[in-house]
$ cat structure-v9.txt   # compact mmCIF, N, CA and C atoms
# COMPACT_ATOMS: atom_id res chain seq x y z
N MET A 398 15.09 -17.87 0.95
CA MET A 398 14.03 -16.94 0.63
C MET A 398 14.65 -15.60 0.24
N THR A 399 14.21 -15.06 -0.89
CA THR A 399 14.75 -13.78 -1.35
C THR A 399 14.14 -12.64 -0.55
N LYS A 400 14.72 -11.47 -0.71
CA LYS A 400 14.20 -10.28 -0.03
C LYS A 400 12.76 -10.01 -0.49
N ALA A 401 12.50 -10.12 -1.78
CA ALA A 401 11.15 -9.89 -2.29
C ALA A 401 10.17 -10.90 -1.70
N GLN A 402 10.56 -12.15 -1.62
CA GLN A 402 9.68 -13.17 -1.05
C GLN A 402 9.38 -12.88 0.42
N SER A 403 10.38 -12.48 1.16
CA SER A 403 10.20 -12.16 2.57
C SER A 403 9.27 -10.96 2.74
N LEU A 404 9.49 -9.92 1.95
CA LEU A 404 8.64 -8.74 2.01
C LEU A 404 7.22 -9.07 1.57
N ARG A 405 7.09 -9.96 0.60
CA ARG A 405 5.76 -10.37 0.15
C ARG A 405 4.97 -11.02 1.28
N VAL A 406 5.61 -11.90 2.02
CA VAL A 406 4.95 -12.57 3.15
C VAL A 406 4.47 -11.52 4.16
N ASP A 407 5.33 -10.58 4.49
CA ASP A 407 4.95 -9.53 5.44
C ASP A 407 3.82 -8.67 4.87
N PHE A 408 3.90 -8.34 3.59
CA PHE A 408 2.88 -7.53 2.93
C PHE A 408 1.53 -8.26 2.93
N GLU A 409 1.54 -9.55 2.60
CA GLU A 409 0.31 -10.34 2.62
C GLU A 409 -0.34 -10.31 4.01
N LYS A 410 0.47 -10.48 5.04
CA LYS A 410 -0.05 -10.46 6.41
C LYS A 410 -0.62 -9.09 6.76
N ALA A 411 0.07 -8.04 6.35
CA ALA A 411 -0.40 -6.68 6.65
C ALA A 411 -1.72 -6.39 5.95
N VAL A 412 -1.85 -6.82 4.71
CA VAL A 412 -3.11 -6.61 3.97
C VAL A 412 -4.23 -7.41 4.62
N ALA A 413 -3.95 -8.62 5.07
CA ALA A 413 -4.96 -9.41 5.77
C ALA A 413 -5.41 -8.71 7.05
N ARG A 414 -4.48 -8.12 7.75
CA ARG A 414 -4.82 -7.40 8.99
C ARG A 414 -5.62 -6.13 8.68
N LEU A 415 -5.30 -5.47 7.58
CA LEU A 415 -6.09 -4.31 7.16
C LEU A 415 -7.50 -4.75 6.83
N ASP A 416 -7.64 -5.84 6.09
CA ASP A 416 -8.97 -6.37 5.77
C ASP A 416 -9.76 -6.70 7.04
N GLU A 417 -9.08 -7.27 8.03
CA GLU A 417 -9.75 -7.59 9.30
C GLU A 417 -10.31 -6.32 9.95
N ALA A 418 -9.51 -5.27 9.98
CA ALA A 418 -9.97 -4.02 10.60
C ALA A 418 -11.14 -3.43 9.82
N LEU A 419 -11.09 -3.51 8.50
CA LEU A 419 -12.15 -2.95 7.68
C LEU A 419 -13.45 -3.74 7.78
N ALA A 420 -13.38 -4.99 8.22
CA ALA A 420 -14.57 -5.82 8.37
C ALA A 420 -15.34 -5.51 9.65
N LEU A 421 -14.71 -4.79 10.57
CA LEU A 421 -15.36 -4.45 11.84
C LEU A 421 -16.26 -3.23 11.68
N PRO A 422 -17.28 -3.12 12.53
CA PRO A 422 -18.12 -1.91 12.49
C PRO A 422 -17.27 -0.68 12.81
N LYS A 423 -17.48 0.37 12.05
CA LYS A 423 -16.66 1.57 12.21
C LYS A 423 -16.98 2.29 13.51
N ASP A 424 -15.95 2.60 14.24
CA ASP A 424 -15.99 3.51 15.37
C ASP A 424 -14.62 4.19 15.38
N PRO A 425 -14.39 5.18 16.22
CA PRO A 425 -13.10 5.89 16.18
C PRO A 425 -11.89 4.99 16.37
N ILE A 426 -11.99 3.98 17.22
CA ILE A 426 -10.85 3.10 17.46
C ILE A 426 -10.59 2.21 16.24
N VAL A 427 -11.65 1.67 15.66
CA VAL A 427 -11.50 0.84 14.46
C VAL A 427 -10.95 1.68 13.31
N ARG A 428 -11.49 2.90 13.15
CA ARG A 428 -11.00 3.79 12.08
C ARG A 428 -9.51 4.04 12.22
N ASP A 429 -9.09 4.41 13.43
CA ASP A 429 -7.68 4.72 13.65
C ASP A 429 -6.80 3.48 13.49
N SER A 430 -7.30 2.33 13.92
CA SER A 430 -6.57 1.08 13.74
C SER A 430 -6.42 0.75 12.26
N ALA A 431 -7.49 0.92 11.51
CA ALA A 431 -7.43 0.64 10.07
C ALA A 431 -6.44 1.58 9.38
N ILE A 432 -6.43 2.83 9.78
CA ILE A 432 -5.48 3.79 9.19
C ILE A 432 -4.05 3.37 9.50
N GLN A 433 -3.79 2.95 10.73
CA GLN A 433 -2.44 2.49 11.08
C GLN A 433 -2.06 1.27 10.25
N ARG A 434 -2.99 0.36 10.08
CA ARG A 434 -2.72 -0.83 9.28
C ARG A 434 -2.52 -0.47 7.81
N PHE A 435 -3.22 0.54 7.35
CA PHE A 435 -2.99 1.05 5.99
C PHE A 435 -1.56 1.56 5.86
N GLU A 436 -1.11 2.34 6.83
CA GLU A 436 0.25 2.87 6.78
C GLU A 436 1.28 1.74 6.68
N ILE A 437 1.10 0.71 7.49
CA ILE A 437 2.01 -0.43 7.46
C ILE A 437 1.94 -1.13 6.11
N SER A 438 0.73 -1.36 5.62
CA SER A 438 0.55 -2.03 4.33
C SER A 438 1.16 -1.22 3.21
N PHE A 439 0.98 0.08 3.24
CA PHE A 439 1.55 0.95 2.20
C PHE A 439 3.07 0.83 2.18
N GLU A 440 3.69 0.92 3.34
CA GLU A 440 5.16 0.83 3.41
C GLU A 440 5.65 -0.50 2.88
N LEU A 441 4.97 -1.57 3.27
CA LEU A 441 5.37 -2.89 2.78
C LEU A 441 5.10 -3.05 1.29
N CYS A 442 4.04 -2.42 0.80
CA CYS A 442 3.72 -2.50 -0.62
C CYS A 442 4.86 -1.93 -1.47
N TRP A 443 5.25 -0.72 -1.19
CA TRP A 443 6.27 -0.12 -2.06
C TRP A 443 7.63 -0.77 -1.85
N LYS A 444 7.92 -1.21 -0.63
CA LYS A 444 9.21 -1.88 -0.41
C LYS A 444 9.23 -3.26 -1.07
N PHE A 445 8.08 -3.95 -1.05
CA PHE A 445 7.99 -5.21 -1.77
C PHE A 445 8.15 -4.97 -3.27
N LEU A 446 7.44 -3.97 -3.80
CA LEU A 446 7.57 -3.66 -5.23
C LEU A 446 9.02 -3.33 -5.59
N LYS A 447 9.70 -2.59 -4.74
CA LYS A 447 11.11 -2.25 -4.98
C LYS A 447 11.94 -3.52 -5.13
N ALA A 448 11.81 -4.43 -4.17
CA ALA A 448 12.58 -5.68 -4.21
C ALA A 448 12.16 -6.55 -5.39
N TYR A 449 10.86 -6.64 -5.65
CA TYR A 449 10.35 -7.43 -6.76
C TYR A 449 10.87 -6.90 -8.09
N LEU A 450 10.82 -5.59 -8.28
CA LEU A 450 11.28 -5.00 -9.53
C LEU A 450 12.78 -5.20 -9.72
N GLU A 451 13.53 -5.12 -8.64
CA GLU A 451 14.97 -5.36 -8.74
C GLU A 451 15.25 -6.81 -9.14
N GLU A 452 14.54 -7.75 -8.51
CA GLU A 452 14.80 -9.17 -8.77
C GLU A 452 14.25 -9.64 -10.12
N GLU A 453 13.07 -9.20 -10.47
CA GLU A 453 12.40 -9.70 -11.67
C GLU A 453 12.66 -8.89 -12.94
N HIS A 454 12.93 -7.60 -12.78
CA HIS A 454 13.06 -6.73 -13.96
C HIS A 454 14.37 -5.94 -13.98
N ASN A 455 15.24 -6.18 -13.00
CA ASN A 455 16.50 -5.45 -12.91
C ASN A 455 16.27 -3.94 -12.95
N ALA A 456 15.20 -3.51 -12.30
CA ALA A 456 14.84 -2.10 -12.26
C ALA A 456 15.05 -1.59 -10.84
N SER A 457 15.43 -0.33 -10.73
CA SER A 457 15.62 0.23 -9.39
C SER A 457 14.69 1.42 -9.18
N CYS A 458 14.31 1.60 -7.94
CA CYS A 458 13.50 2.74 -7.54
C CYS A 458 13.87 3.07 -6.10
N THR A 459 13.62 4.30 -5.70
CA THR A 459 14.10 4.72 -4.38
C THR A 459 13.02 5.32 -3.49
N SER A 460 11.81 5.45 -3.99
CA SER A 460 10.73 6.04 -3.20
C SER A 460 9.42 5.41 -3.63
N PRO A 461 8.37 5.60 -2.87
CA PRO A 461 7.08 5.04 -3.29
C PRO A 461 6.68 5.48 -4.70
N ARG A 462 6.77 6.75 -4.98
CA ARG A 462 6.37 7.24 -6.31
C ARG A 462 7.19 6.62 -7.43
N THR A 463 8.50 6.56 -7.24
CA THR A 463 9.33 5.99 -8.31
C THR A 463 9.07 4.49 -8.45
N CYS A 464 8.78 3.82 -7.36
CA CYS A 464 8.47 2.38 -7.44
C CYS A 464 7.14 2.15 -8.14
N PHE A 465 6.13 2.95 -7.83
CA PHE A 465 4.85 2.79 -8.51
C PHE A 465 5.00 3.09 -10.00
N ARG A 466 5.76 4.12 -10.34
CA ARG A 466 5.98 4.43 -11.76
C ARG A 466 6.73 3.30 -12.47
N SER A 467 7.72 2.74 -11.81
CA SER A 467 8.46 1.63 -12.40
C SER A 467 7.55 0.41 -12.55
N ALA A 468 6.70 0.17 -11.57
CA ALA A 468 5.75 -0.95 -11.67
C ALA A 468 4.78 -0.73 -12.83
N PHE A 469 4.39 0.53 -13.10
CA PHE A 469 3.56 0.84 -14.29
C PHE A 469 4.32 0.41 -15.55
N ARG A 470 5.56 0.89 -15.66
CA ARG A 470 6.36 0.64 -16.86
C ARG A 470 6.57 -0.85 -17.13
N HIS A 471 6.64 -1.62 -16.08
CA HIS A 471 6.89 -3.05 -16.23
C HIS A 471 5.62 -3.89 -16.22
N GLY A 472 4.47 -3.22 -16.24
CA GLY A 472 3.20 -3.92 -16.35
C GLY A 472 2.76 -4.67 -15.10
N VAL A 473 3.34 -4.34 -13.97
CA VAL A 473 2.98 -5.01 -12.73
C VAL A 473 1.65 -4.47 -12.20
N ILE A 474 1.47 -3.16 -12.30
CA ILE A 474 0.21 -2.52 -11.91
C ILE A 474 -0.24 -1.61 -13.04
N ASP A 475 -1.52 -1.32 -13.06
CA ASP A 475 -2.06 -0.44 -14.09
C ASP A 475 -1.55 0.98 -13.91
N ASP A 476 -1.37 1.67 -15.01
CA ASP A 476 -1.00 3.08 -14.99
C ASP A 476 -2.24 3.85 -14.57
N ASP A 477 -2.33 4.14 -13.31
CA ASP A 477 -3.53 4.69 -12.71
C ASP A 477 -3.13 5.75 -11.69
N PRO A 478 -3.74 6.92 -11.74
CA PRO A 478 -3.40 7.96 -10.76
C PRO A 478 -3.71 7.57 -9.32
N PHE A 479 -4.46 6.49 -9.14
CA PHE A 479 -4.75 6.01 -7.79
C PHE A 479 -3.48 5.85 -6.97
N TRP A 480 -2.42 5.32 -7.58
CA TRP A 480 -1.21 5.04 -6.82
C TRP A 480 -0.51 6.29 -6.32
N ILE A 481 -0.60 7.36 -7.07
CA ILE A 481 -0.06 8.63 -6.58
C ILE A 481 -0.98 9.19 -5.50
N ASP A 482 -2.30 9.05 -5.70
CA ASP A 482 -3.26 9.50 -4.69
C ASP A 482 -3.05 8.77 -3.36
N VAL A 483 -2.79 7.47 -3.42
CA VAL A 483 -2.61 6.70 -2.19
C VAL A 483 -1.32 7.14 -1.49
N THR A 484 -0.34 7.57 -2.25
CA THR A 484 0.88 8.10 -1.64
C THR A 484 0.56 9.39 -0.87
N VAL A 485 -0.27 10.22 -1.45
CA VAL A 485 -0.69 11.46 -0.78
C VAL A 485 -1.49 11.11 0.49
N LEU A 486 -2.39 10.13 0.40
CA LEU A 486 -3.15 9.71 1.58
C LEU A 486 -2.22 9.27 2.69
N ARG A 487 -1.24 8.49 2.34
CA ARG A 487 -0.28 8.02 3.34
C ARG A 487 0.47 9.19 3.97
N ASN A 488 0.85 10.17 3.17
CA ASN A 488 1.53 11.33 3.72
C ASN A 488 0.63 12.11 4.67
N TYR A 489 -0.65 12.21 4.34
CA TYR A 489 -1.60 12.86 5.25
C TYR A 489 -1.62 12.15 6.60
N THR A 490 -1.68 10.85 6.57
CA THR A 490 -1.83 10.11 7.83
C THR A 490 -0.59 10.21 8.70
N VAL A 491 0.55 10.35 8.08
CA VAL A 491 1.80 10.39 8.83
C VAL A 491 2.09 11.79 9.37
N HIS A 492 1.71 12.82 8.63
CA HIS A 492 2.14 14.17 8.98
C HIS A 492 1.09 15.05 9.64
N THR A 493 -0.14 14.64 9.64
CA THR A 493 -1.18 15.47 10.26
C THR A 493 -2.31 14.58 10.74
N TYR A 494 -3.10 15.10 11.65
CA TYR A 494 -4.25 14.32 12.11
C TYR A 494 -5.38 15.27 12.48
N ASN A 495 -6.54 14.98 11.93
CA ASN A 495 -7.77 15.58 12.40
C ASN A 495 -8.90 14.62 12.05
N GLU A 496 -10.01 14.77 12.72
CA GLU A 496 -11.12 13.83 12.56
C GLU A 496 -11.63 13.77 11.12
N GLN A 497 -11.79 14.92 10.51
CA GLN A 497 -12.32 14.97 9.15
C GLN A 497 -11.39 14.25 8.18
N LEU A 498 -10.11 14.48 8.31
CA LEU A 498 -9.12 13.82 7.45
C LEU A 498 -9.12 12.31 7.72
N ALA A 499 -9.20 11.93 8.98
CA ALA A 499 -9.21 10.51 9.32
C ALA A 499 -10.43 9.82 8.69
N ASP A 500 -11.57 10.47 8.73
CA ASP A 500 -12.77 9.90 8.11
C ASP A 500 -12.60 9.78 6.59
N TYR A 501 -12.00 10.78 5.98
CA TYR A 501 -11.77 10.73 4.53
C TYR A 501 -10.82 9.58 4.17
N VAL A 502 -9.72 9.48 4.89
CA VAL A 502 -8.76 8.41 4.61
C VAL A 502 -9.44 7.06 4.80
N TYR A 503 -10.19 6.91 5.88
CA TYR A 503 -10.88 5.64 6.14
C TYR A 503 -11.83 5.30 4.99
N SER A 504 -12.48 6.30 4.45
CA SER A 504 -13.43 6.06 3.35
C SER A 504 -12.75 5.51 2.10
N ARG A 505 -11.45 5.69 1.98
CA ARG A 505 -10.69 5.22 0.82
C ARG A 505 -10.00 3.87 1.05
N LEU A 506 -10.08 3.35 2.26
CA LEU A 506 -9.29 2.17 2.60
C LEU A 506 -9.78 0.88 1.97
N ALA A 507 -11.08 0.71 1.78
CA ALA A 507 -11.56 -0.53 1.16
C ALA A 507 -11.01 -0.66 -0.26
N GLU A 508 -11.07 0.43 -1.02
CA GLU A 508 -10.51 0.41 -2.37
C GLU A 508 -9.00 0.16 -2.32
N THR A 509 -8.34 0.79 -1.38
CA THR A 509 -6.90 0.64 -1.26
C THR A 509 -6.52 -0.80 -0.94
N ALA A 510 -7.24 -1.42 -0.02
CA ALA A 510 -6.96 -2.82 0.32
C ALA A 510 -7.14 -3.71 -0.90
N GLY A 511 -8.15 -3.42 -1.71
CA GLY A 511 -8.35 -4.17 -2.94
C GLY A 511 -7.19 -4.00 -3.91
N ARG A 512 -6.66 -2.79 -4.00
CA ARG A 512 -5.51 -2.55 -4.87
C ARG A 512 -4.26 -3.25 -4.36
N PHE A 513 -4.09 -3.26 -3.04
CA PHE A 513 -2.96 -4.00 -2.47
C PHE A 513 -3.07 -5.48 -2.83
N SER A 514 -4.27 -6.03 -2.72
CA SER A 514 -4.48 -7.44 -3.09
C SER A 514 -4.18 -7.67 -4.57
N ALA A 515 -4.50 -6.68 -5.41
CA ALA A 515 -4.21 -6.80 -6.85
C ALA A 515 -2.71 -6.83 -7.09
N VAL A 516 -1.95 -6.07 -6.32
CA VAL A 516 -0.48 -6.10 -6.44
C VAL A 516 0.01 -7.52 -6.12
N LEU A 517 -0.52 -8.09 -5.07
CA LEU A 517 -0.12 -9.45 -4.69
C LEU A 517 -0.46 -10.44 -5.80
N ALA A 518 -1.65 -10.30 -6.37
CA ALA A 518 -2.06 -11.21 -7.46
C ALA A 518 -1.16 -11.04 -8.69
N ALA A 519 -0.81 -9.80 -9.00
CA ALA A 519 -0.01 -9.52 -10.20
C ALA A 519 1.43 -10.01 -10.06
N THR A 520 1.88 -10.15 -8.84
CA THR A 520 3.27 -10.55 -8.60
C THR A 520 3.37 -11.97 -8.06
N ASP A 521 2.30 -12.71 -8.15
CA ASP A 521 2.28 -14.08 -7.65
C ASP A 521 3.34 -14.91 -8.38
N GLN A 522 4.19 -15.53 -7.60
CA GLN A 522 5.24 -16.39 -8.16
C GLN A 522 4.64 -17.74 -8.50
N ARG A 523 4.43 -18.01 -9.76
CA ARG A 523 3.79 -19.25 -10.18
C ARG A 523 4.65 -20.45 -9.91
$ encode --input "structure-v9.txt" --output "structure tokens"
Amino acid sequence: MTKAQSLRVDFEKAVARLDEALALPKDPIVRDSAIQRFEISFELCWKFLKAYLEEEHNASCTSPRTCFRSAFRHGVIDDDPFWIDVTVLRNYTVHTYNEQLADYVYSRLAETAGRFSAVLAATDQR
């Protein structure tokens, strides 16, 4: 199993766990759990993209932003400012915490989970 394949398996599991949290009725514990699962999914997303781009396109990237930009260039994901926005969301969750911010981040998670699933679909090894 290649590094990209291994990361893909972990990423798929993390996205499934994020979806599970988002399916529950919202309360502070569910919100915070979903945010934590988002953080894990985000990290696995860009690290999977890094390995995938290296293996499939001989492209290198060193950070979430550079990996998302490289994925744009190689047609893996749409050229969409969403990916930079999601990087900012992730930075918010890691570096600061307040209720209002947590509610805002949570409000964006359903769309984000859908985008993570789209990355998996776009990189499906036929």
$ atom_distance --input "structure-v9.txt" --atom1 "atom N of Thr493 (chain A)" --atom2 "CA of Val412 (chain A)"
22.2 Å
$ residues_around --input "structure-v9.txt" --residues "Phe513 (chain A)" --least-positions-apart "3" --cutoff "8 Å" --atoms "all atoms listed in the file" --output "count of residues only"
12
$ closest_residue --input "structure-v9.txt" --among "A:Leu450, A:Cys464, A:Val406, A:Leu486" --to "Val502 (chain A)" --atoms "all atoms listed in the file"
A:Leu486
$ closest_residue --input "structure-v9.txt" --among "A:Ile432, A:Ile481, A:Ile426, A:Ala448" --to "Arg466 (chain A)" --atoms "only C-alpha atoms"
A:Ile481
$ atom_distance --input "structure-v9.txt" --atom1 "CA of His492 (chain A)" --atom2 "atom C of Val427 (chain A)"
18.6 Å
$ closest_residue --input "structure-v9.txt" --among "A:Ser457, A:Leu421, A:Asp429, A:Asp475" --to "Tyr494 (chain A)" --atoms "only C-alpha atoms"
A:Asp429
$ axis_aligned_box --input "structure-v9.txt" --around "region 406-424 of chain A" --padding-each-side "4 Å" --output "AutoDock Vina command-line options"
--center_x -6.3 --center_y -4.2 --center_z 8.7 --size_x 31.7 --size_y 24.8 --size_z 21.4
$ select_by_dssp --input "structure-v9.txt" --residues "region 446-487 of chain A" --states "alpha helix (DSSP H)" --output "count of residues only"
28
$ atom_distance --input "structure-v9.txt" --atom1 "CA of Asp416 (chain A)" --atom2 "CA of Arg434 (chain A)"
9.1 Å
$ closest_residue --input "structure-v9.txt" --among "A:Phe465, A:Ser514, A:Leu419, A:Glu452" --to "Trp480 (chain A)" --atoms "all atoms listed in the file"
A:Phe465
$ closest_residue --input "structure-v9.txt" --among "A:Pro461, A:Ala401, A:Thr520, A:Tyr489" --to "Glu440 (chain A)" --atoms "only C-alpha atoms"
A:Pro461
$ closest_residue --input "structure-v9.txt" --among "A:Trp443, A:Tyr503, A:Tyr449, A:Phe435" --to "Arg414 (chain A)" --atoms "all atoms listed in the file"
A:Phe435
